Amino acid sequence: MSRSHWTAWPSREALSRAGLTRARRMLAGAVRAAVIAILLWTAVTQRNVADLAIVAAPVGLLACAATAWGFMRTTLEHRLGASLGLLATLMLIAAGAQQIGFVGPAVVLWCGCAVSALERMPLAAAVPATAVSLTGFALLNDDAWPTTAVVAVGLCLSGYVLRLDAEARGTAQRLLVQERAARTAEAESAALAERSRIAREIHDVLAHSLSAQLVHLEAARLLIERGADRDQILERVVAARGMARDGLVETRQALSALRGEMTPLEDFLRELVASSDGTSLAVEGERRPLSAEASQAVRRVAQEALTNVRKHAPGAKAVMRLEYRPGEVALEVRDSGASRPHEELTVSGAGYGLLGMRERAELLGGTLDAAPYEEGFVVRLKVPL
């Protein structure tokens, strides 16, 4: 045995009653009741003691109970000095009972001290205390020495087995507490992740829509102040209304996604392509289910990419390709050519939206690239399944 094994206390979980089943509690209570009954019976039936000793026996019994309770508390608190003092008190009471003729109670106390020391104290202190207790028992016992030796060994084994059993129970209690803490932390982490996902959805849906509406409404206000004609002002107002309508549609889609009511990804992309003139869709690879986060990322990038095509390459043809790969899904949106220079696309409205999509992809362990391609522009997204 290592040095730490000799000096280590049994854990507090092992020494406490936490985790005890009802059956074990009942068994422990029955053992205590039996010990008390033996002490009372032997004290009452003892005939070779003085009358004064019989009268004082209840006081001694109460002292034993109080001292034993104190020993249980101090060992639970890992107070070695107090525990040794209380154990020594119990041994003194046992020696006193032996001197005045209470042999039965003395035997019970000597044996109880030996077992309790091995069960509840560091072995470095328990072994000497058990040796003293068993010596007192051996001097008191009038059986043959082989019988006394067998009983002493049995008491040692009983104390050590109780110690091992308590340690096993204490280890199980600690593991249970750790498992509960891990489950609580996991639940809190999942809740935080879900809140972050909701926050990203709200931001992706509303931030772009509201900011675009504000731009158009502010332009309409400036046109009114400058006395512009009605058609110019109406154009801005109609554009703001269109942004509001699109934002409302996207908000409903986001709420459906958060409730787990999303349409299949391919169906969503087909509807999206159908609403965009000159856009085609190709789906490749074996279709597999995606996580909610990955599916939302693909949907958002597809929406953002087609919005950029409409804004910066009106009339251009666009090709959308969804490919299921081993361990990931890839989306590519490529247009045939912009009516404005490519540099303008990277600094106008698409830049902020693609930045948000890139952050979303990176949070999922994926990537998003957007760059000029031949005469047009291409957006490529890869996210794990």
# chains A, B, ... in the order shown; residues from 1 in each chain; ligands from 1
>>> select_by_dssp(residues="range 109-347 of chain A", states="helix (DSSP H, G or I)", output="number ranges by chain")
A: 109-120, 123-140, 145-225, 230-258, 265-274, 292-312, 342-347
>>> closest_residue(among="A:Leu223, A:Ala316, A:Leu381, A:Ala124", to="Ser4 in chain A", atoms="only C-alpha atoms")
A:Ala124
>>> residues_around(residues="Pro314 in chain A", least_positions_apart="3", cutoff="12 Å", atoms="only C-alpha atoms", output="mmCIF file with N, CA and C atoms, in the first residue's frame")
data_model
loop_
_atom_site.group_PDB
_atom_site.id
_atom_site.type_symbol
_atom_site.label_atom_id
_atom_site.label_comp_id
_atom_site.auth_asym_id
_atom_site.auth_seq_id
_atom_site.Cartn_x
_atom_site.Cartn_y
_atom_site.Cartn_z
ATOM 1 N N SER A 276 -37.178 33.134 -59.505
ATOM 2 C CA SER A 276 -36.094 33.931 -60.087
ATOM 3 C C SER A 276 -35.965 33.569 -61.569
ATOM 4 N N ASP A 277 -36.286 34.500 -62.435
ATOM 5 C CA ASP A 277 -36.224 34.242 -63.875
ATOM 6 C C ASP A 277 -34.789 33.965 -64.292
ATOM 7 N N GLY A 278 -34.633 33.006 -65.191
ATOM 8 C CA GLY A 278 -33.320 32.704 -65.739
ATOM 9 C C GLY A 278 -32.415 31.928 -64.819
ATOM 10 N N THR A 279 -32.976 31.265 -63.801
ATOM 11 C CA THR A 279 -32.170 30.505 -62.841
ATOM 12 C C THR A 279 -32.529 29.031 -62.926
ATOM 13 N N LEU A 306 -28.956 34.757 -54.813
ATOM 14 C CA LEU A 306 -29.902 35.141 -55.853
ATOM 15 C C LEU A 306 -30.333 36.599 -55.705
ATOM 16 N N THR A 307 -30.413 37.082 -54.478
ATOM 17 C CA THR A 307 -30.704 38.502 -54.277
ATOM 18 C C THR A 307 -29.607 39.366 -54.886
ATOM 19 N N ASN A 308 -28.367 38.949 -54.712
ATOM 20 C CA ASN A 308 -27.247 39.704 -55.286
ATOM 21 C C ASN A 308 -27.288 39.683 -56.810
ATOM 22 N N VAL A 309 -27.695 38.527 -57.364
ATOM 23 C CA VAL A 309 -27.788 38.456 -58.825
ATOM 24 C C VAL A 309 -28.846 39.433 -59.331
ATOM 25 N N ARG A 310 -30.002 39.464 -58.677
ATOM 26 C CA ARG A 310 -31.063 40.373 -59.105
ATOM 27 C C ARG A 310 -30.650 41.831 -58.963
ATOM 28 N N LYS A 311 -29.893 42.125 -57.893
ATOM 29 C CA LYS A 311 -29.531 43.521 -57.630
ATOM 30 C C LYS A 311 -28.399 44.006 -58.516
ATOM 31 N N LYS A 317 -28.194 35.122 -66.380
ATOM 32 C CA LYS A 317 -28.581 33.749 -66.112
ATOM 33 C C LYS A 317 -27.795 33.236 -64.893
ATOM 34 N N ALA A 318 -28.460 32.498 -64.038
ATOM 35 C CA ALA A 318 -27.811 31.963 -62.834
ATOM 36 C C ALA A 318 -28.011 30.453 -62.779
ATOM 37 N N ASP A 335 -23.487 33.196 -61.694
ATOM 38 C CA ASP A 335 -24.243 33.937 -62.710
ATOM 39 C C ASP A 335 -23.374 34.162 -63.934
ATOM 40 N N SER A 336 -24.038 34.494 -65.050
ATOM 41 C CA SER A 336 -23.354 34.572 -66.339
ATOM 42 C C SER A 336 -22.693 35.918 -66.601
ATOM 43 N N GLY A 337 -23.011 36.926 -65.825
ATOM 44 C CA GLY A 337 -22.367 38.209 -66.066
ATOM 45 C C GLY A 337 -23.187 39.345 -65.498
ATOM 46 N N ALA A 338 -22.506 40.321 -64.927
ATOM 47 C CA ALA A 338 -23.170 41.452 -64.292
ATOM 48 C C ALA A 338 -23.223 42.629 -65.244
ATOM 49 N N SER A 339 -24.245 43.444 -65.077
ATOM 50 C CA SER A 339 -24.336 44.654 -65.879
ATOM 51 C C SER A 339 -23.470 45.762 -65.314
ATOM 52 N N ARG A 340 -22.934 45.549 -64.119
ATOM 53 C CA ARG A 340 -22.023 46.518 -63.496
ATOM 54 C C ARG A 340 -20.663 45.857 -63.320
ATOM 55 N N GLY A 376 -18.948 36.580 -64.773
ATOM 56 C CA GLY A 376 -19.923 36.783 -63.710
ATOM 57 C C GLY A 376 -19.329 36.673 -62.321
#
>>> select_by_dssp(residues="range 152-363 of chain A", states="strand (DSSP E or B)", output="list in words")
Thr279, Ser280, Leu281, Ala282, Val283, Glu284, Ala318, Val319, Met320, Arg321, Leu322, Glu323, Tyr324, Arg325, Glu328, Val329, Ala330, Leu331, Glu332, Val333, Arg334 and Asp335 of chain A
>>> write_last_selection(atoms="N, CA and C atoms", output="mmCIF file, in the first residue's frame")
data_model
loop_
_atom_site.group_PDB
_atom_site.id
_atom_site.type_symbol
_atom_site.label_atom_id
_atom_site.label_comp_id
_atom_site.auth_asym_id
_atom_site.auth_seq_id
_atom_site.Cartn_x
_atom_site.Cartn_y
_atom_site.Cartn_z
ATOM 1 N N THR A 279 -32.976 31.265 -63.801
ATOM 2 C CA THR A 279 -32.170 30.505 -62.841
ATOM 3 C C THR A 279 -32.529 29.031 -62.926
ATOM 4 N N SER A 280 -31.540 28.180 -62.931
ATOM 5 C CA SER A 280 -31.758 26.732 -62.975
ATOM 6 C C SER A 280 -31.134 26.076 -61.754
ATOM 7 N N LEU A 281 -31.611 24.878 -61.430
ATOM 8 C CA LEU A 281 -31.141 24.141 -60.248
ATOM 9 C C LEU A 281 -30.728 22.747 -60.656
ATOM 10 N N ALA A 282 -29.583 22.296 -60.131
ATOM 11 C CA ALA A 282 -29.116 20.924 -60.325
ATOM 12 C C ALA A 282 -28.764 20.340 -58.957
ATOM 13 N N VAL A 283 -29.266 19.132 -58.677
ATOM 14 C CA VAL A 283 -28.995 18.439 -57.416
ATOM 15 C C VAL A 283 -28.204 17.184 -57.744
ATOM 16 N N GLU A 284 -27.048 17.006 -57.093
ATOM 17 C CA GLU A 284 -26.176 15.870 -57.358
ATOM 18 C C GLU A 284 -25.865 15.132 -56.057
ATOM 19 N N ALA A 318 -28.460 32.498 -64.038
ATOM 20 C CA ALA A 318 -27.811 31.963 -62.834
ATOM 21 C C ALA A 318 -28.011 30.453 -62.779
ATOM 22 N N VAL A 319 -26.993 29.768 -62.323
ATOM 23 C CA VAL A 319 -27.041 28.313 -62.161
ATOM 24 C C VAL A 319 -26.770 27.996 -60.692
ATOM 25 N N MET A 320 -27.685 27.265 -60.098
ATOM 26 C CA MET A 320 -27.522 26.838 -58.702
ATOM 27 C C MET A 320 -27.303 25.333 -58.694
ATOM 28 N N ARG A 321 -26.270 24.903 -57.980
ATOM 29 C CA ARG A 321 -25.956 23.474 -57.926
ATOM 30 C C ARG A 321 -25.789 23.044 -56.469
ATOM 31 N N LEU A 322 -26.587 22.068 -56.070
ATOM 32 C CA LEU A 322 -26.512 21.496 -54.722
ATOM 33 C C LEU A 322 -25.924 20.102 -54.842
ATOM 34 N N GLU A 323 -24.839 19.842 -54.115
ATOM 35 C CA GLU A 323 -24.152 18.554 -54.225
ATOM 36 C C GLU A 323 -23.961 17.941 -52.837
ATOM 37 N N TYR A 324 -24.435 16.702 -52.683
ATOM 38 C CA TYR A 324 -24.216 15.942 -51.458
ATOM 39 C C TYR A 324 -22.900 15.192 -51.596
ATOM 40 N N ARG A 325 -21.973 15.476 -50.704
ATOM 41 C CA ARG A 325 -20.671 14.828 -50.719
ATOM 42 C C ARG A 325 -20.484 14.017 -49.438
ATOM 43 N N GLU A 328 -20.315 16.169 -46.143
ATOM 44 C CA GLU A 328 -20.629 17.583 -46.300
ATOM 45 C C GLU A 328 -21.609 17.784 -47.444
ATOM 46 N N VAL A 329 -22.179 18.983 -47.476
ATOM 47 C CA VAL A 329 -23.044 19.393 -48.569
ATOM 48 C C VAL A 329 -22.476 20.687 -49.137
ATOM 49 N N ALA A 330 -22.510 20.820 -50.454
ATOM 50 C CA ALA A 330 -21.927 21.988 -51.119
ATOM 51 C C ALA A 330 -22.991 22.667 -51.964
ATOM 52 N N LEU A 331 -22.983 23.985 -51.933
ATOM 53 C CA LEU A 331 -23.893 24.793 -52.747
ATOM 54 C C LEU A 331 -23.058 25.761 -53.568
ATOM 55 N N GLU A 332 -23.380 25.846 -54.856
ATOM 56 C CA GLU A 332 -22.695 26.794 -55.729
ATOM 57 C C GLU A 332 -23.742 27.574 -56.519
ATOM 58 N N VAL A 333 -23.611 28.899 -56.507
ATOM 59 C CA VAL A 333 -24.490 29.772 -57.282
ATOM 60 C C VAL A 333 -23.587 30.618 -58.175
ATOM 61 N N ARG A 334 -23.780 30.474 -59.485
ATOM 62 C CA ARG A 334 -22.931 31.178 -60.439
ATOM 63 C C ARG A 334 -23.808 31.901 -61.454
ATOM 64 N N ASP A 335 -23.487 33.196 -61.694
ATOM 65 C CA ASP A 335 -24.243 33.937 -62.710
ATOM 66 C C ASP A 335 -23.374 34.162 -63.934
#
>>> closest_residue(among="A:Gln213, A:Gly315, A:Arg380, A:Leu118", to="Met357 in chain A", atoms="only C-alpha atoms")
A:Arg380
>>> atom_distance(atom1="CA of Gln303 in chain A", atom2="CA of Asp231 in chain A")
29.3 Å
>>> residues_around(residues="Leu364 in chain A", least_positions_apart="3", cutoff="7 Å", atoms="only C-alpha atoms", output="PDB file with C-alpha atoms, in the first residue's frame")
ATOM      1  CA  ARG A 360     -22.563  31.327 -40.185  1.00  0.00           C
ATOM      2  CA  ALA A 361     -20.679  28.754 -42.271  1.00  0.00           C
ATOM      3  CA  VAL A 383     -20.930  22.824 -44.572  1.00  0.00           C
TER       4      VAL A 383
END
